[in-house]
>>> print(open('query_27.txt').read())   # compact mmCIF, C-alpha atoms
# COMPACT_ATOMS: atom_id res chain seq x y z
CA MET A 1 19.21 -1.91 -20.01
CA PRO A 2 18.89 -4.90 -22.40
CA PHE A 3 15.24 -4.20 -23.30
CA ASP A 4 13.32 -1.19 -24.58
CA PRO A 5 10.98 0.20 -21.88
CA ALA A 6 8.96 2.04 -24.52
CA VAL A 7 8.08 -1.25 -26.22
CA ILE A 8 6.99 -2.73 -22.88
CA ARG A 9 4.89 0.30 -21.99
CA ALA A 10 3.17 0.41 -25.39
CA SER A 11 2.35 -3.30 -25.39
CA PHE A 12 1.08 -3.12 -21.82
CA ALA A 13 -1.35 -0.38 -22.83
CA VAL A 14 -2.93 -2.84 -25.28
CA VAL A 15 -3.85 -5.36 -22.56
CA GLU A 16 -4.35 -3.32 -19.38
CA ARG A 17 -8.05 -2.74 -19.98
CA ARG A 18 -8.52 -6.51 -19.92
CA ALA A 19 -6.71 -6.95 -16.62
CA ASP A 20 -9.24 -9.31 -15.06
CA GLN A 21 -9.33 -11.71 -18.01
CA LEU A 22 -5.55 -11.58 -18.38
CA THR A 23 -4.85 -12.49 -14.77
CA LYS A 24 -7.41 -15.31 -14.83
CA PHE A 25 -5.67 -16.71 -17.92
CA PHE A 26 -2.27 -16.30 -16.23
CA TYR A 27 -3.21 -18.32 -13.15
CA ALA A 28 -5.00 -21.01 -15.18
CA HIS A 29 -1.92 -21.39 -17.38
CA LEU A 30 0.46 -21.41 -14.40
CA PHE A 31 -1.46 -24.04 -12.44
CA THR A 32 -2.15 -26.25 -15.47
CA HIS A 33 1.49 -26.38 -16.55
CA ASN A 34 3.02 -26.52 -13.06
CA PRO A 35 1.28 -29.01 -10.76
CA GLY A 36 1.94 -28.23 -7.11
CA VAL A 37 2.46 -24.49 -7.55
CA GLN A 38 -1.18 -23.82 -6.71
CA ASP A 39 -0.47 -24.93 -3.14
CA LEU A 40 1.48 -21.68 -2.64
CA PHE A 41 -1.60 -19.55 -3.38
CA PRO A 42 -4.81 -18.85 -1.44
CA ASP A 43 -7.93 -20.79 -2.35
CA ARG A 44 -9.77 -17.64 -3.48
CA LEU A 45 -7.82 -15.76 -6.13
CA ALA A 46 -10.05 -12.76 -6.91
CA GLU A 47 -8.10 -10.24 -4.81
CA GLN A 48 -4.81 -11.98 -5.65
CA ARG A 49 -5.47 -11.33 -9.34
CA ASP A 50 -6.00 -7.63 -8.69
CA ARG A 51 -2.77 -7.43 -6.70
CA LEU A 52 -0.81 -9.26 -9.39
CA PHE A 53 -1.86 -6.74 -12.01
CA ALA A 54 -1.20 -3.82 -9.66
CA ALA A 55 2.34 -5.13 -9.07
CA LEU A 56 2.83 -5.61 -12.80
CA THR A 57 1.70 -2.03 -13.37
CA GLN A 58 4.18 -0.75 -10.79
CA LEU A 59 6.98 -2.58 -12.59
CA VAL A 60 6.01 -1.11 -15.95
CA LEU A 61 5.85 2.39 -14.46
CA ARG A 62 9.36 2.03 -13.06
CA LEU A 63 11.10 0.56 -16.11
CA GLU A 64 12.41 3.95 -17.20
CA GLU A 65 13.59 4.82 -13.66
CA PRO A 66 16.31 2.25 -12.91
CA GLU A 67 16.95 3.46 -9.36
CA LYS A 68 13.29 3.17 -8.36
CA LEU A 69 12.98 -0.14 -10.19
CA THR A 70 15.99 -1.58 -8.39
CA GLY A 71 14.67 -0.61 -4.97
CA TYR A 72 11.18 -1.88 -5.73
CA LEU A 73 12.47 -5.24 -7.00
CA ALA A 74 14.76 -5.66 -4.00
CA ALA A 75 11.86 -5.11 -1.58
CA LEU A 76 9.64 -7.40 -3.67
CA GLY A 77 12.26 -10.16 -3.68
CA ARG A 78 12.80 -9.98 0.07
CA ASP A 79 9.06 -9.92 0.71
CA HIS A 80 8.40 -12.94 -1.54
CA ARG A 81 10.37 -15.15 0.82
CA LYS A 82 7.22 -15.33 2.95
CA PHE A 83 5.42 -17.05 0.04
CA GLN A 84 8.14 -19.71 -0.02
CA ALA A 85 8.91 -18.67 -3.58
CA ALA A 86 12.05 -20.45 -4.81
CA PRO A 87 14.29 -19.62 -7.80
CA GLU A 88 12.83 -22.54 -9.76
CA HIS A 89 9.36 -20.95 -9.60
CA PHE A 90 10.35 -17.84 -11.53
CA PRO A 91 10.73 -19.38 -15.04
CA ALA A 92 7.26 -20.93 -14.71
CA VAL A 93 5.75 -17.58 -13.75
CA GLY A 94 7.55 -15.89 -16.64
CA ALA A 95 6.31 -18.42 -19.18
CA SER A 96 2.70 -17.99 -18.00
CA LEU A 97 3.02 -14.20 -18.01
CA ILE A 98 4.30 -14.15 -21.58
CA ALA A 99 1.55 -16.58 -22.63
CA ALA A 100 -1.14 -14.35 -21.09
CA LEU A 101 0.24 -11.16 -22.62
CA LYS A 102 0.51 -12.80 -26.03
CA HIS A 103 -3.02 -14.20 -25.87
CA PHE A 104 -4.64 -10.86 -25.03
CA SER A 105 -2.49 -8.77 -27.35
CA GLY A 106 -3.82 -10.57 -30.41
CA HIS A 107 -2.44 -9.28 -33.67
CA ALA A 108 -0.60 -6.51 -31.83
CA TRP A 109 1.88 -9.07 -30.47
CA THR A 110 5.16 -9.21 -32.40
CA PRO A 111 8.51 -11.00 -32.06
CA GLU A 112 10.01 -7.65 -30.97
CA ILE A 113 7.48 -7.33 -28.15
CA GLU A 114 8.02 -10.92 -27.02
CA LYS A 115 11.78 -10.36 -26.98
CA ALA A 116 11.39 -7.17 -24.92
CA TRP A 117 9.10 -8.82 -22.36
CA THR A 118 11.32 -11.89 -22.10
CA GLU A 119 14.39 -9.74 -21.50
CA ALA A 120 12.54 -7.52 -19.02
CA TYR A 121 11.24 -10.49 -17.06
CA THR A 122 14.73 -12.01 -16.96
CA VAL A 123 16.08 -8.81 -15.39
CA ILE A 124 13.14 -8.52 -12.97
CA SER A 125 13.20 -12.13 -11.79
CA GLN A 126 16.97 -12.21 -11.36
CA ALA A 127 16.89 -9.02 -9.30
CA MET A 128 14.24 -10.55 -7.02
CA ILE A 129 16.16 -13.82 -6.70
CA ASP A 130 19.38 -11.97 -5.88
CA ALA A 131 17.64 -9.78 -3.28
CA ALA A 132 16.14 -12.81 -1.56
CA ALA A 133 19.50 -14.59 -1.57
CA ALA A 134 21.23 -11.55 -0.04
CA VAL A 135 19.01 -11.53 3.05
CA PRO A 136 21.08 -12.57 6.10
CA ALA A 137 20.56 -16.17 7.06
CA ASP A 138 19.24 -15.23 10.50
CA THR A 139 16.49 -12.99 9.06
CA PRO A 140 13.15 -14.84 9.05
CA ALA A 141 10.94 -15.05 5.98
CA TRP A 142 8.14 -14.01 8.33
CA TRP A 143 7.64 -13.21 12.01
CA GLU A 144 5.17 -14.93 14.32
CA ALA A 145 3.30 -12.33 16.38
CA GLU A 146 0.89 -12.84 19.26
CA VAL A 147 -2.22 -10.69 19.47
CA VAL A 148 -1.82 -9.24 22.95
CA ASP A 149 -4.70 -6.77 22.78
CA ARG A 150 -7.72 -6.20 20.60
CA ARG A 151 -10.35 -3.51 20.77
CA ARG A 152 -13.29 -2.75 18.52
CA ALA A 153 -12.73 0.91 17.71
CA ALA A 154 -15.81 1.15 15.46
CA PRO A 155 -18.37 -1.35 14.19
CA ASP A 156 -16.10 -2.23 11.26
CA ILE A 157 -12.66 -1.35 12.69
CA ALA A 158 -10.43 -3.24 15.11
CA VAL A 159 -7.16 -2.06 16.63
CA LEU A 160 -4.79 -4.97 17.19
CA THR A 161 -1.66 -4.82 19.33
CA LEU A 162 0.90 -7.44 18.31
CA ALA A 163 4.02 -8.78 19.99
CA PRO A 164 6.42 -10.28 17.42
CA ASP A 165 8.38 -13.34 18.51
CA ARG A 166 11.70 -11.64 17.68
CA PRO A 167 12.86 -8.05 17.10
CA TYR A 168 10.91 -6.43 14.27
CA SER A 169 12.79 -3.39 13.02
CA PHE A 170 10.75 -0.83 11.09
CA THR A 171 10.58 2.90 10.50
CA ALA A 172 7.50 4.98 11.30
CA GLY A 173 5.44 5.35 8.13
CA GLN A 174 6.11 1.85 6.83
CA TYR A 175 3.53 -0.90 6.37
CA LEU A 176 3.59 -4.67 6.63
CA THR A 177 1.67 -7.62 5.29
CA ALA A 178 -0.14 -9.94 7.67
CA CYS A 179 -1.58 -13.44 7.47
CA SER A 180 -3.76 -15.45 9.87
CA PRO A 181 -4.17 -19.22 10.25
CA ARG A 182 -7.88 -18.49 9.89
CA GLN A 183 -7.21 -17.61 6.23
CA PRO A 184 -4.04 -19.49 5.20
CA ARG A 185 -1.86 -17.94 2.48
CA VAL A 186 -4.00 -14.77 2.37
CA TRP A 187 -1.67 -11.82 2.96
CA ARG A 188 -2.91 -8.24 3.16
CA PRO A 189 -1.08 -4.91 3.72
CA TYR A 190 -1.67 -2.74 6.79
CA SER A 191 0.07 0.42 7.91
CA ILE A 192 1.95 0.14 11.19
CA ALA A 193 0.04 2.53 13.43
CA CYS A 194 2.81 3.51 15.83
CA ALA A 195 6.44 4.52 16.01
CA PRO A 196 8.88 1.83 17.23
CA ARG A 197 8.35 1.08 20.93
CA PRO A 198 10.79 -0.06 23.62
CA ASP A 199 8.70 -3.19 24.29
CA GLY A 200 8.69 -4.19 20.61
CA THR A 201 4.89 -4.25 20.24
CA LEU A 202 3.12 -2.62 17.32
CA ASP A 203 -0.44 -1.68 16.38
CA LEU A 204 -2.52 -2.33 13.28
CA HIS A 205 -5.80 -0.54 12.45
CA VAL A 206 -7.94 -2.93 10.41
CA ARG A 207 -11.16 -1.99 8.64
CA ARG A 208 -13.45 -4.83 7.61
CA VAL A 209 -13.79 -4.77 3.84
CA PRO A 210 -17.05 -6.20 2.43
CA GLY A 211 -16.16 -9.67 1.22
CA GLY A 212 -12.60 -9.33 2.51
CA LEU A 213 -11.29 -12.65 3.78
CA LEU A 214 -8.52 -11.50 6.11
CA SER A 215 -10.01 -8.18 7.21
CA THR A 216 -13.25 -9.90 8.21
CA ALA A 217 -11.33 -12.47 10.26
CA LEU A 218 -9.16 -9.84 11.95
CA VAL A 219 -12.08 -7.56 12.85
CA ASN A 220 -14.72 -10.17 13.74
CA ASP A 221 -12.92 -13.26 14.95
CA VAL A 222 -9.27 -12.96 15.95
CA MET A 223 -8.81 -12.72 19.72
CA PRO A 224 -5.91 -12.09 22.13
CA GLY A 225 -3.68 -15.12 22.36
CA GLU A 226 -3.93 -15.95 18.66
CA ARG A 227 -0.92 -15.62 16.41
CA LEU A 228 -0.46 -13.87 13.08
CA ARG A 229 2.36 -14.01 10.58
CA LEU A 230 4.01 -10.73 9.60
CA GLY A 231 6.01 -10.09 6.46
CA PRO A 232 8.98 -7.72 6.50
CA PRO A 233 8.34 -3.96 6.73
CA LEU A 234 7.76 -2.24 3.40
CA GLY A 235 7.41 1.27 2.01
CA ASP A 236 9.42 4.47 2.04
CA ALA A 237 6.70 6.99 2.95
CA VAL A 238 8.71 7.86 6.06
CA LEU A 239 9.88 11.11 7.57
CA ASP A 240 13.01 12.76 6.25
CA PRO A 241 15.23 12.50 9.35
CA HIS A 242 17.18 15.61 8.33
CA SER A 243 14.19 17.86 7.63
CA ASP A 244 13.04 20.79 9.73
CA ARG A 245 10.33 21.71 7.22
CA PRO A 246 6.68 21.96 8.38
CA LEU A 247 4.63 18.81 7.82
CA LEU A 248 1.24 18.67 6.10
CA ALA A 249 -0.53 15.31 6.31
CA VAL A 250 -3.88 14.32 4.79
CA ALA A 251 -5.42 11.06 6.00
CA GLY A 252 -8.71 9.36 5.27
CA GLY A 253 -10.27 6.68 7.46
CA THR A 254 -7.71 4.09 8.52
CA GLY A 255 -5.12 6.09 6.63
CA TRP A 256 -4.84 7.73 10.05
CA ALA A 257 -2.76 4.71 11.14
CA GLN A 258 0.21 5.78 9.04
CA VAL A 259 -0.08 9.45 9.99
CA LYS A 260 -0.34 8.52 13.68
CA SER A 261 2.98 6.67 13.45
CA LEU A 262 4.60 9.69 11.80
CA LEU A 263 3.33 12.03 14.52
CA GLU A 264 4.59 9.73 17.26
CA GLN A 265 8.00 9.70 15.57
CA LEU A 266 7.95 13.49 15.24
CA ALA A 267 7.33 13.71 18.98
CA LEU A 268 10.27 11.39 19.68
CA ASP A 269 12.45 13.55 17.42
CA GLY A 270 11.52 16.76 19.24
CA GLY A 271 8.64 17.97 17.08
CA ARG A 272 8.22 20.54 14.31
CA PRO A 273 5.17 22.38 12.95
CA ALA A 274 2.64 19.82 11.72
CA ASN A 275 -0.87 20.23 10.32
CA VAL A 276 -3.10 17.20 9.77
CA PHE A 277 -6.38 16.95 7.87
CA LEU A 278 -8.09 13.84 9.28
CA ALA A 279 -11.13 12.67 7.33
CA ALA A 280 -13.80 10.06 8.02
CA ARG A 281 -17.28 9.14 6.83
CA SER A 282 -19.03 10.57 9.92
CA ASP A 283 -18.35 11.80 13.43
CA ALA A 284 -18.90 8.25 14.66
CA ASP A 285 -16.22 7.03 12.26
CA GLN A 286 -13.50 9.14 13.90
CA TYR A 287 -12.51 5.89 15.55
CA ASP A 288 -9.28 6.98 17.27
CA LEU A 289 -10.36 10.41 18.44
CA PRO A 290 -9.06 10.04 22.05
CA ALA A 291 -5.56 9.41 20.66
CA VAL A 292 -5.90 12.41 18.33
CA GLU A 293 -6.95 14.66 21.20
CA ASP A 294 -4.13 13.36 23.40
CA LEU A 295 -1.52 14.13 20.73
CA VAL A 296 -2.93 17.64 20.23
CA VAL A 297 -3.00 18.37 23.97
CA ARG A 298 0.56 17.17 24.54
CA HIS A 299 2.21 18.79 21.51
CA THR A 300 1.83 22.52 20.83
CA TRP A 301 3.44 22.13 17.39
CA LEU A 302 0.51 19.99 16.17
CA ARG A 303 -2.82 21.15 14.71
CA VAL A 304 -5.50 18.72 13.50
CA ALA A 305 -8.47 19.57 11.31
CA LEU A 306 -11.17 16.96 11.80
CA ALA A 307 -13.12 16.13 8.68
CA ALA A 308 -16.41 14.30 8.99
CA PRO A 309 -20.01 15.10 7.99
CA ALA A 310 -22.29 15.11 11.00
CA ASP A 311 -25.27 13.68 9.11
CA GLY A 312 -23.50 12.07 6.20
CA GLY A 313 -23.18 13.48 2.72
CA THR A 314 -22.31 12.63 -0.85
CA ARG A 315 -18.77 11.94 -1.88
CA PRO A 316 -18.61 14.92 -4.31
CA GLU A 317 -19.83 17.25 -1.55
CA ALA A 318 -17.33 15.86 0.92
CA THR A 319 -14.47 16.03 -1.57
CA GLU A 320 -15.22 19.64 -2.42
CA LEU A 321 -15.29 20.57 1.26
CA LEU A 322 -11.89 18.97 1.72
CA ARG A 323 -10.58 20.87 -1.28
CA GLU A 324 -11.93 24.09 0.22
CA GLY A 325 -10.21 23.33 3.50
CA LEU A 326 -6.90 22.71 1.77
CA ARG A 327 -7.32 25.89 -0.27
CA SER A 328 -7.83 27.76 2.99
CA TYR A 329 -4.60 26.26 4.27
CA GLY A 330 -2.84 28.16 1.51
CA ASP A 331 0.75 27.97 0.35
CA CYS A 332 2.38 24.53 0.60
CA THR A 333 5.81 25.67 -0.52
CA GLY A 334 8.58 24.13 1.54
CA HIS A 335 6.34 21.55 3.23
CA ASP A 336 6.91 17.85 3.71
CA ILE A 337 3.61 16.34 2.60
CA HIS A 338 2.33 12.87 3.49
CA LEU A 339 -0.87 11.43 2.03
CA SER A 340 -2.70 8.31 3.15
CA GLY A 341 -6.21 7.57 2.00
CA PRO A 342 -8.53 6.57 -0.84
CA PRO A 343 -6.74 6.08 -4.17
CA ASP A 344 -9.57 7.57 -6.23
CA LEU A 345 -9.07 10.93 -4.49
CA ALA A 346 -5.31 10.94 -4.94
CA PRO A 347 -4.99 12.56 -8.38
CA GLU A 348 -7.38 15.38 -7.50
CA ILE A 349 -5.89 16.16 -4.09
CA ALA A 350 -2.28 15.74 -5.20
CA ARG A 351 -2.78 18.04 -8.18
CA GLN A 352 -4.37 20.65 -5.94
CA LEU A 353 -1.48 20.58 -3.47
CA LEU A 354 1.04 20.80 -6.29
CA GLY A 355 -0.92 23.80 -7.55
CA GLN A 356 -0.60 25.33 -4.09
CA GLY A 357 3.17 25.20 -4.31
CA ALA A 358 3.94 21.71 -3.03
CA ASP A 359 7.24 20.30 -4.24
CA PRO A 360 6.63 16.85 -5.83
CA GLU A 361 9.98 15.71 -4.41
CA LEU A 362 8.65 16.37 -0.90
CA LEU A 363 5.34 14.56 -1.42
CA ARG A 364 5.32 11.04 0.03
CA HIS A 365 2.87 8.16 0.09
CA ASP A 366 2.76 4.45 -0.55
CA PRO A 367 2.62 3.47 -4.23
CA VAL A 368 -0.56 1.98 -5.58
CA ALA A 369 -1.29 2.26 -9.28
CA ASP A 370 -4.77 2.62 -10.70
CA THR A 371 -4.68 -0.41 -12.98
CA PHE A 372 -8.01 -0.04 -14.76
CA ASN A 373 -9.44 2.40 -17.32
CA ARG A 374 -6.31 4.47 -17.39
CA SER A 375 -5.34 6.43 -20.47
CA ARG A 376 -1.86 7.25 -19.18
CA PRO A 377 0.56 6.16 -16.46
CA LEU A 378 0.00 7.76 -13.06
CA THR A 379 2.59 10.25 -11.96
CA PRO A 380 4.35 9.66 -8.62
CA ALA A 381 2.15 12.32 -7.07
CA GLU A 382 -0.92 10.26 -8.00
CA TRP A 383 0.01 6.99 -6.29
CA PHE A 384 -1.83 6.40 -3.01
CA LEU A 385 -2.13 3.69 -0.36
CA ASP A 386 -5.47 1.90 -0.77
CA GLN A 387 -7.26 2.21 2.54
CA ARG A 388 -10.67 1.40 0.99
CA ASP A 389 -12.25 4.40 2.63
CA ILE A 390 -14.54 7.28 1.64
CA PRO A 391 -15.73 10.79 2.10
CA TRP A 392 -13.66 13.74 3.15
CA ILE A 393 -15.00 16.94 4.69
CA ASN A 394 -13.50 19.83 6.61
CA ARG A 395 -15.46 21.20 9.51
CA THR A 396 -13.80 21.48 12.93
CA GLU A 397 -10.31 22.10 14.21
CA LEU A 398 -8.60 20.92 17.37
CA GLY A 399 -5.48 22.32 18.93
CA GLY A 400 -3.56 25.49 18.83
>>> encode(input="query_27.txt", output="structure tokens")
Amino acid sequence: MPFDPAVIRASFAVVERRADQLTKFFYAHLFTHNPGVQDLFPDRLAEQRDRLFAALTQLVLRLEEPEKLTGYLAALGRDHRKFQAAPEHFPAVGASLIAALKHFSGHAWTPEIEKAWTEAYTVISQAMIDAAAAVPADTPAWWEAEVVDRRRAAPDIAVLTLAPDRPYSFTAGQYLTACSPRQPRVWRPYSIACAPRPDGTLDLHVRRVPGGLLSTALVNDVMPGERLRLGPPLGDAVLDPHSDRPLLAVAGGTGWAQVKSLLEQLALDGGRPANVFLAARSDADQYDLPAVEDLVVRHTWLRVALAAPADGGTRPEATELLREGLRSYGDCTGHDIHLSGPPDLAPEIARQLLGQGADPELLRHDPVADTFNRSRPLTPAEWFLDQRDIPWINRTELGG
């Protein structure tokens, strides 16, 4: 490796608490010095800035793990084709990134740090360019998908069934990014809520986020017959195809979408013991309960613990009840564990399961780093898919 990861990590720690100001500076510098590049970005950049810094954090966390870094960069490079990012854009981005880091590092910035970041960015950008170039010529940068069905599953949740215009190969447990003409250039990630189907359709569970551009459009406005763009499938929080270990899954809110796809795949594979803790903010927010009940009725190997306060409750109360439920579950040794839910609960729940014997190598989830107010890098067991959802509680069980 031509650069020192320790130098990168230490310098990043100096600026990460000023993430918002740094990313604003980055985009201002990029657009000022590169006219025309702004056309590739959405009009409203607030969420884009957060995602930029989250991606940067993921890169820093992986610098000392070359295998993970290589895989992450390859997926990132392939995915960036949907943004129409070209090789000539990368030097401009690198120059603006270095300028922003230097500006917010102040006196802590040194020639050694600048050299390390320049070398690291050269490696990162070239890996992404190479990955994009290696994609077969007949693979689209994005898929056009028709909305063939839409149902309002809860006041703030819609379930969309999509029919891509060409084969869309994915593995249960993966997610995709979607974009609508109603909000051009705004891409957001959503778990694919089903295993692959013979007819090629797929489901997304979308919760409307307050102030969210795309989620609001998808829940409130998009109707059957409209078309969305889909980026390539992403993520490796999938089932181990060679495992016969029992599965323990914890899902919060629309985190159920990912777990549902895993359970459907388990059923296709013949099934194995599976226990699911499914949490929501209230009974009314168990938005896909008929599908849950159907899975439990049809598969004797599946047990589901529903988790929702009947009359509401505080987050600390709900979290503690979930922890009690997981403690009652007992020993997690030898389990495949899948987690999908609120990122702020991840460290607490992951640590508890590891304390109950869970093997960190068997714990899977989508990586999202906590990029603010962090005194240390998150461990792999503390990365979680951001479903923007809240309380957990353990009360009732279905199945046998």
>>> residues_around(input="query_27.txt", residues="region 112-118 of chain A", least_positions_apart="5", cutoff="10 Å", atoms="all atoms listed in the file", output="ChimeraX atom specification")
/A:2-8,10-12,94-95,97-99,101-102,123-124
>>> atom_distance(input="query_27.txt", atom1="CA of Thr70 (chain A)", atom2="CA of Gln126 (chain A)")
11.1 Å
>>> atom_distance(input="query_27.txt", atom1="CA of Leu162 (chain A)", atom2="CA of Lys82 (chain A)")
18.4 Å
>>> residues_around(input="query_27.txt", residues="Gly212 (chain A)", least_positions_apart="4", cutoff="10 Å", atoms="all atoms listed in the file", output="mmCIF file with C-alpha atoms, in the frame of the given file")
data_model
loop_
_atom_site.group_PDB
_atom_site.id
_atom_site.type_symbol
_atom_site.label_atom_id
_atom_site.label_comp_id
_atom_site.auth_asym_id
_atom_site.auth_seq_id
_atom_site.Cartn_x
_atom_site.Cartn_y
_atom_site.Cartn_z
ATOM 1 C CA GLU A 47 -8.100 -10.240 -4.810
ATOM 2 C CA ARG A 188 -2.910 -8.240 3.160
ATOM 3 C CA ARG A 207 -11.160 -1.990 8.640
ATOM 4 C CA ARG A 208 -13.450 -4.830 7.610
ATOM 5 C CA THR A 216 -13.250 -9.900 8.210
ATOM 6 C CA ALA A 217 -11.330 -12.470 10.260
#
>>> closest_residue(input="query_27.txt", among="A:Ala267, A:Ala145, A:Ala55, A:Leu363", to="Leu339 (chain A)", atoms="all atoms listed in the file")
A:Leu363
>>> closest_residue(input="query_27.txt", among="A:Leu160, A:Leu266, A:Pro42, A:Leu214", to="Ser243 (chain A)", atoms="all atoms listed in the file")
A:Leu266
